[in-house]
Amino acid sequence: MENQNLSVLNEFILVGITDRPELQAPFFVLFFLIYVASVVGNLGMIVLTKLDERLQTPMYFFLRHLAFIDFGYSTAVGPKTLVSFVTNKNTITYNWCAFQLSLFIFFIISELFVLSAMAYDRYVAICNPLLYTVIMSQKVCWVLVTIPYLFSAFLSLITTIKIFISSFCGYNVISHFYCDSLPLLTLICSGTRDVELIILIFSAFNLISSLSVVLVSYTFILVAILRMNSAEGRHKAFSTCGSHLTVVVILYGTLSFMYIQPKSSHSFENDKMASVFYTLVIPVLNPIIYSLRNKEVKGALQKLWKNVCKVCI
């Protein structure tokens with residue numbers, strides 16, 4: 001048993017997205033294109049919002065951090081997922097599994113609270129436009145992203161440490177395509193009640209608190225918009241919130257599918273499909289949504305493209 005446990009501590013086997021050989025090559029091409037689009041889109045958004053003088057507002061400050069987060073958790077999962085399609089035995093070392101889990105938890109929690117900060121930013125912009133630059137100062141903006149980062153790092157470390165100091169059984173196959181907390185818990189021989197409580201309590205807190213900020217902010221925004229006399233003003237207010245609302249609905253809808261479904265219908269296969277969506281697809285959608293629905297971003301992209309063309313010519 002001791003030798004068996006030692007071997008488990010060296011590596012885990014990831015089941016992957018599919019075990020059908022004929023789908024490995026098509027899936028590799030598909031997810032490679034998705035990951036490349038995610039990297040280009042999010043890094044491009046970071047560079048664009050940093051360099052363009054018209055995008056130096058609090059809204060784009062938060063958008064830059066959202067792009068960083070999307071790049072972070074797609075990169076924590078994406079490359080290893082691609083490797084799984086071209087290897088016969090999809091293994092991950094014990095230490096890299098812990099590192100991947102900690103990164104994923106850090107970035108996914110950060111995303112929830114950065115989206116909340118963006119909702120609050122839209123509330124201030126629409127409900128208190130005259131005080132917007134005063135309330136949403138650079139200091140306040142940094143506080144609104146630093147606290148989520150610190151909180152996420154704290155939860156990430158606690159969860160990862162609690163899982164990986166536990167005693168694993170001889171069976172080391174993870175029923176997922178990356179190291180996630182719930183599949184790892186099924187491999188633990190010792191009691192998992194403490195870590196399950198930590199995951200349950202903080203998952204509920206993170207989802208409810210972040211979503212509450214979003215809902216309260218948009219309730220006040222909706223009331224303010226309905227009180228506007230100008231149809232043009234209402235349209236402009238709605239358009240500034242449209243991109244953020246779309247991102248929020250997609251992310252929380254996916255997470256709700258995972259965590260609110262009845263226990264009788266819950267399965268790791270369903271979780272796996274939902275995880276593919278929010279770890280690989282959503283990071284691609286976010287920069288596309290903000291680019292297509294935002295005139296300032298489209299204008300900055302056109303300006304950048306013209307400058308690139310001038311240099312090439």
# chains A, B, ... in the order shown; residues from 1 in each chain; ligands from 1
>>> select_by_dssp(residues="region 16-213 of chain A", states="strand (DSSP E or B)", output="PyMOL selection string")
chain A and resi 91-93+168+173-174+188
>>> write_last_selection(atoms="C-alpha atoms", output="PDB file, in the first residue's frame")
ATOM      1  CA  THR A  91      -0.594  11.946 -17.447  1.00  0.00           C
ATOM      2  CA  ILE A  92       0.141  14.959 -15.264  1.00  0.00           C
ATOM      3  CA  THR A  93       2.641  15.029 -12.419  1.00  0.00           C
ATOM      4  CA  PHE A 168      -4.875   9.456  -2.053  1.00  0.00           C
ATOM      5  CA  VAL A 173      -7.413   8.317 -12.776  1.00  0.00           C
ATOM      6  CA  ILE A 174      -9.048  11.778 -12.804  1.00  0.00           C
ATOM      7  CA  ILE A 188      -9.006  10.672  -1.601  1.00  0.00           C
TER       8      ILE A 188
END
>>> residues_around(residues="His176 (chain A)", least_positions_apart="5", cutoff="6 Å", atoms="only C-alpha atoms", output="number ranges by chain")
A: 14-16
>>> residues_around(residues="region 136-147 of chain A", least_positions_apart="2", cutoff="10 Å", atoms="only C-alpha atoms", output="ChimeraX atom specification")
/A:57-59,61-62,65-66,110-111,113-118,120-121,124-125,131-134,149-153
>>> write_last_selection(atoms="N, CA and C atoms", output="PDB file, in the first residue's frame")
ATOM      1  N   THR A  57     -10.190  54.660 -19.503  1.00  0.00           N
ATOM      2  CA  THR A  57     -11.257  54.919 -18.540  1.00  0.00           C
ATOM      3  C   THR A  57     -11.391  53.698 -17.624  1.00  0.00           C
ATOM      4  N   PRO A  58     -12.090  53.855 -16.485  1.00  0.00           N
ATOM      5  CA  PRO A  58     -12.256  52.715 -15.570  1.00  0.00           C
ATOM      6  C   PRO A  58     -12.851  51.478 -16.233  1.00  0.00           C
ATOM      7  N   MET A  59     -13.810  51.665 -17.159  1.00  0.00           N
ATOM      8  CA  MET A  59     -14.441  50.514 -17.799  1.00  0.00           C
ATOM      9  C   MET A  59     -13.402  49.654 -18.527  1.00  0.00           C
ATOM     10  N   PHE A  61     -10.164  49.720 -17.938  1.00  0.00           N
ATOM     11  CA  PHE A  61      -9.233  49.205 -16.926  1.00  0.00           C
ATOM     12  C   PHE A  61      -9.702  47.825 -16.458  1.00  0.00           C
ATOM     13  N   PHE A  62     -10.998  47.719 -16.151  1.00  0.00           N
ATOM     14  CA  PHE A  62     -11.542  46.421 -15.728  1.00  0.00           C
ATOM     15  C   PHE A  62     -11.555  45.420 -16.876  1.00  0.00           C
ATOM     16  N   HIS A  65      -8.238  43.779 -17.155  1.00  0.00           N
ATOM     17  CA  HIS A  65      -8.033  42.730 -16.152  1.00  0.00           C
ATOM     18  C   HIS A  65      -8.883  41.501 -16.456  1.00  0.00           C
ATOM     19  N   LEU A  66     -10.073  41.703 -17.023  1.00  0.00           N
ATOM     20  CA  LEU A  66     -10.888  40.560 -17.433  1.00  0.00           C
ATOM     21  C   LEU A  66     -10.178  39.763 -18.524  1.00  0.00           C
ATOM     22  N   SER A 110     -11.478  35.106  -9.435  1.00  0.00           N
ATOM     23  CA  SER A 110     -11.164  36.494  -9.802  1.00  0.00           C
ATOM     24  C   SER A 110     -12.131  37.012 -10.854  1.00  0.00           C
ATOM     25  N   GLU A 111     -12.475  36.158 -11.821  1.00  0.00           N
ATOM     26  CA  GLU A 111     -13.389  36.590 -12.885  1.00  0.00           C
ATOM     27  C   GLU A 111     -14.753  36.986 -12.330  1.00  0.00           C
ATOM     28  N   PHE A 113     -15.555  38.228  -9.418  1.00  0.00           N
ATOM     29  CA  PHE A 113     -15.562  39.500  -8.692  1.00  0.00           C
ATOM     30  C   PHE A 113     -15.133  40.679  -9.563  1.00  0.00           C
ATOM     31  N   VAL A 114     -14.337  40.433 -10.594  1.00  0.00           N
ATOM     32  CA  VAL A 114     -14.023  41.511 -11.539  1.00  0.00           C
ATOM     33  C   VAL A 114     -15.269  41.863 -12.351  1.00  0.00           C
ATOM     34  N   LEU A 115     -16.069  40.860 -12.709  1.00  0.00           N
ATOM     35  CA  LEU A 115     -17.344  41.144 -13.376  1.00  0.00           C
ATOM     36  C   LEU A 115     -18.280  41.940 -12.464  1.00  0.00           C
ATOM     37  N   SER A 116     -18.231  41.651 -11.162  1.00  0.00           N
ATOM     38  CA  SER A 116     -19.015  42.442 -10.202  1.00  0.00           C
ATOM     39  C   SER A 116     -18.533  43.888 -10.159  1.00  0.00           C
ATOM     40  N   ALA A 117     -17.215  44.060 -10.158  1.00  0.00           N
ATOM     41  CA  ALA A 117     -16.648  45.416 -10.159  1.00  0.00           C
ATOM     42  C   ALA A 117     -17.054  46.167 -11.423  1.00  0.00           C
ATOM     43  N   MET A 118     -17.108  45.458 -12.547  1.00  0.00           N
ATOM     44  CA  MET A 118     -17.528  46.088 -13.802  1.00  0.00           C
ATOM     45  C   MET A 118     -18.995  46.503 -13.738  1.00  0.00           C
ATOM     46  N   TYR A 120     -20.582  47.390 -10.981  1.00  0.00           N
ATOM     47  CA  TYR A 120     -20.603  48.587 -10.127  1.00  0.00           C
ATOM     48  C   TYR A 120     -20.121  49.812 -10.910  1.00  0.00           C
ATOM     49  N   ASP A 121     -19.115  49.621 -11.745  1.00  0.00           N
ATOM     50  CA  ASP A 121     -18.616  50.712 -12.585  1.00  0.00           C
ATOM     51  C   ASP A 121     -19.714  51.234 -13.506  1.00  0.00           C
ATOM     52  N   VAL A 124     -22.255  53.315 -11.461  1.00  0.00           N
ATOM     53  CA  VAL A 124     -21.783  54.677 -11.166  1.00  0.00           C
ATOM     54  C   VAL A 124     -21.841  55.540 -12.415  1.00  0.00           C
ATOM     55  N   ALA A 125     -21.444  54.974 -13.571  1.00  0.00           N
ATOM     56  CA  ALA A 125     -21.409  55.746 -14.810  1.00  0.00           C
ATOM     57  C   ALA A 125     -22.796  56.216 -15.231  1.00  0.00           C
ATOM     58  N   LEU A 131     -20.364  62.481 -10.955  1.00  0.00           N
ATOM     59  CA  LEU A 131     -19.353  62.118  -9.952  1.00  0.00           C
ATOM     60  C   LEU A 131     -18.541  60.892 -10.365  1.00  0.00           C
ATOM     61  N   TYR A 132     -18.728  60.457 -11.616  1.00  0.00           N
ATOM     62  CA  TYR A 132     -18.100  59.203 -12.067  1.00  0.00           C
ATOM     63  C   TYR A 132     -16.588  59.224 -11.911  1.00  0.00           C
ATOM     64  N   THR A 133     -15.946  60.258 -12.404  1.00  0.00           N
ATOM     65  CA  THR A 133     -14.477  60.304 -12.348  1.00  0.00           C
ATOM     66  C   THR A 133     -13.961  60.455 -10.920  1.00  0.00           C
ATOM     67  N   VAL A 134     -14.801  61.031 -10.044  1.00  0.00           N
ATOM     68  CA  VAL A 134     -14.400  61.187  -8.643  1.00  0.00           C
ATOM     69  C   VAL A 134     -14.523  59.859  -7.903  1.00  0.00           C
ATOM     70  N   TYR A 149      -8.164  39.646  -6.291  1.00  0.00           N
ATOM     71  CA  TYR A 149      -6.957  38.858  -6.539  1.00  0.00           C
ATOM     72  C   TYR A 149      -6.433  38.238  -5.240  1.00  0.00           C
ATOM     73  N   LEU A 150      -6.384  39.021  -4.180  1.00  0.00           N
ATOM     74  CA  LEU A 150      -5.886  38.512  -2.895  1.00  0.00           C
ATOM     75  C   LEU A 150      -6.824  37.457  -2.327  1.00  0.00           C
ATOM     76  N   PHE A 151      -8.119  37.728  -2.393  1.00  0.00           N
ATOM     77  CA  PHE A 151      -9.112  36.778  -1.894  1.00  0.00           C
ATOM     78  C   PHE A 151      -9.055  35.469  -2.680  1.00  0.00           C
ATOM     79  N   SER A 152      -8.933  35.584  -3.996  1.00  0.00           N
ATOM     80  CA  SER A 152      -8.862  34.391  -4.850  1.00  0.00           C
ATOM     81  C   SER A 152      -7.601  33.584  -4.567  1.00  0.00           C
ATOM     82  N   ALA A 153      -6.482  34.264  -4.361  1.00  0.00           N
ATOM     83  CA  ALA A 153      -5.225  33.569  -4.045  1.00  0.00           C
ATOM     84  C   ALA A 153      -5.344  32.835  -2.712  1.00  0.00           C
TER      85      ALA A 153
END
>>> residues_around(residues="Phe31 (chain A)", least_positions_apart="3", cutoff="12 Å", atoms="only C-alpha atoms", output="list in words")
Ile17, Leu23, Gln24, Ala25, Pro26, Phe27, Phe28, Ile34, Tyr35, Val36, Ala37, Ser38, Ser74, Val77, Gly78, Pro79, Lys80, Thr81, Leu82, Val83, Ser84, Phe85, Val276, Phe277, Thr279, Leu280, Val281 and Val284 of chain A
>>> closest_residue(among="A:Ala224, A:Ile135, A:Val86, A:Ile201", to="Asp19 (chain A)", atoms="only C-alpha atoms")
A:Val86
